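Below is one structure; the comments refer to it alone.
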Amino acid sequence: MNKKLIALAIATLPAVAMADVTIYGRLVGGIERDSITQNQNGVQLTADSQGNVTGATATPNKKSTQTNVEDYLSWIGFKGQEDLGNGLKAIWQVENYIAIDGTGTTFHNQGTFASRDSFVGLAGGFGKVRLGKLTNAQRDMFDLDVWNNSNGANALDIFKRVAYRPNNSIRYDSPDFAGFSGSLLWGAGENKNAGAATNPSGKSSDVVNAGLNYRNAGFFAQYGYDKRKNANSPFGNPEGKAASAHTVEAGYGADGLLVSAGFQRTKGYHWSDRAYFNETGGFATGAADSLRTREVALTAAYSIGAWTPKVSLAKGFDQKDVDGKVNDSGYKQYILGVDYALSKRTKLSAAYGHLSFGENADYAAASGNGPSIDNLLNVKKQSTTSLSVEHWF
């Protein structure tokens, strides 16, 4: 009898150990029609088998279309906590991008374990402290973004280009004080001694990020500041210049209504430059060292039973460089769509988005869910139509 009891106890140990683990995630995919128009002065980049750019060829004005079956950033996560007593808890989480269309991209490190927010930390009355790969303040906000991400024209990816998850980070989140809260993040670049070939400045590409938030009775206001030191080091930045962004968002969300407006100002980023192309070194290019941008965005959505019609508008104003204003270098975007809730966790979505750029905007589009070197074009117009299904678990 004792042997049977011991065997039963051993057999139940894995279940006991897993009792505090929560498995959760999001699966979303769809069919998408993407159209890109390139001006006659556009440049087509070519690459070798290793993905290194080998040349650039001038191409005539042309319009290309493609129909894709896409994964819209599906992911799965595992999280848990342990009560340590006196109000203190140990917390942990591992999240991973998965590509349900079977392709995956290096754009979001799909196929890499812990490719989303993954950390270990402590939480209590003081707030929480976490170490790992962590969301910055810009990515935390974005009530503006009510769209399935496609990297096409029907997502606010330009406005969101500095919303990312820095590697090698430590982040502090304050407790809530009458609706007010804040966060501080530092990310170690860990590339100071990478060598002259990739880091000629000899400076580390550290990240400093801060956020302030207010939420009460449906009203919200949020501010995020992000600075990436030595942002250009992976691309040969001997001066070690920094890229930075200020983002503000405010609005109201309650009783089925959402109205959100945002303003963003950046230094060191073209419209197509994204901080998360290389989450330790940045992606601000040498040409954008002194480039300054300003943009605004607006989103409205209203739920009527199972239906939620929604719209987003965005505008990027003419950029500024060392010589002053760059004429005709802005962009305009609109997105129209509707969701239909099949249940609390499953919905269908349809969307159409259109982007247009000034003659000197210098935008490089990524058609489909992730950039391909063959698709990097000097784009003047881009439109995307999609139908998708989304399920949370």
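Ordered as shown in the structure tokens, chains take letters A, B, and onward, while each chain numbers its residues from 1 and ligands are numbered from 1 in the order shown.
Near Arg33 in chain A, within a cut-off of 6 Å and counting only C-alpha atoms, sit the residues Gln66, Thr67, Thr384 and Thr385 of chain A, with same-chain residues fewer than 6 positions away left out.
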Just-selected residues, C-alpha atoms written as a CSV table (one decimal), in the first residue's frame:
chain,number,residue,atom,x,y,z
A,66,GLN,CA,0.0,40.6,-54.5
A,67,THR,CA,-2.5,38.4,-52.6
A,384,THR,CA,-4.1,47.0,-48.3
A,385,THR,CA,-7.3,45.1,-48.0
Query raised in the report: Any idea what's packed within 10 Å of Arg130 in chain A, counting only C-alpha atoms, ignoring anything in its chain fewer than 2 positions away? Could you give it as a list of chain:residue names?
Result: A:Ala90, A:Ile91, A:Trp92, A:Gln93, A:Ser118, A:Phe119, A:Val120, A:Gly121, A:Leu122, A:Ala123, A:Lys128, A:Gly132, A:Lys133, A:Leu134, A:Ser169, A:Ile170, A:Arg171, A:Tyr172, A:Asp173, A:Leu185
Query raised in the report: Excluding same-chain residues fewer than 2 positions from Val379 in chain A, what lies within 6 Å of it counting only C-alpha atoms, as a ChimeraX atom specification?
Result: /A:37-38,363,377,381
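Across range 114-255 of chain A, DSSP run on the backbone finds helix (DSSP H, G or I) at Ala137, Gln138, Arg139, Asp140, Ser233, Pro234 and Phe235 of chain A.
CA of Phe263 in chain A is positioned 22.6 Å from CA of Lys229 in chain A.
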Query raised in the report: Hey, can you check how far CA of Arg265 in chain A sits from CA of Ala221 in chain A?
Result: 16.7 Å
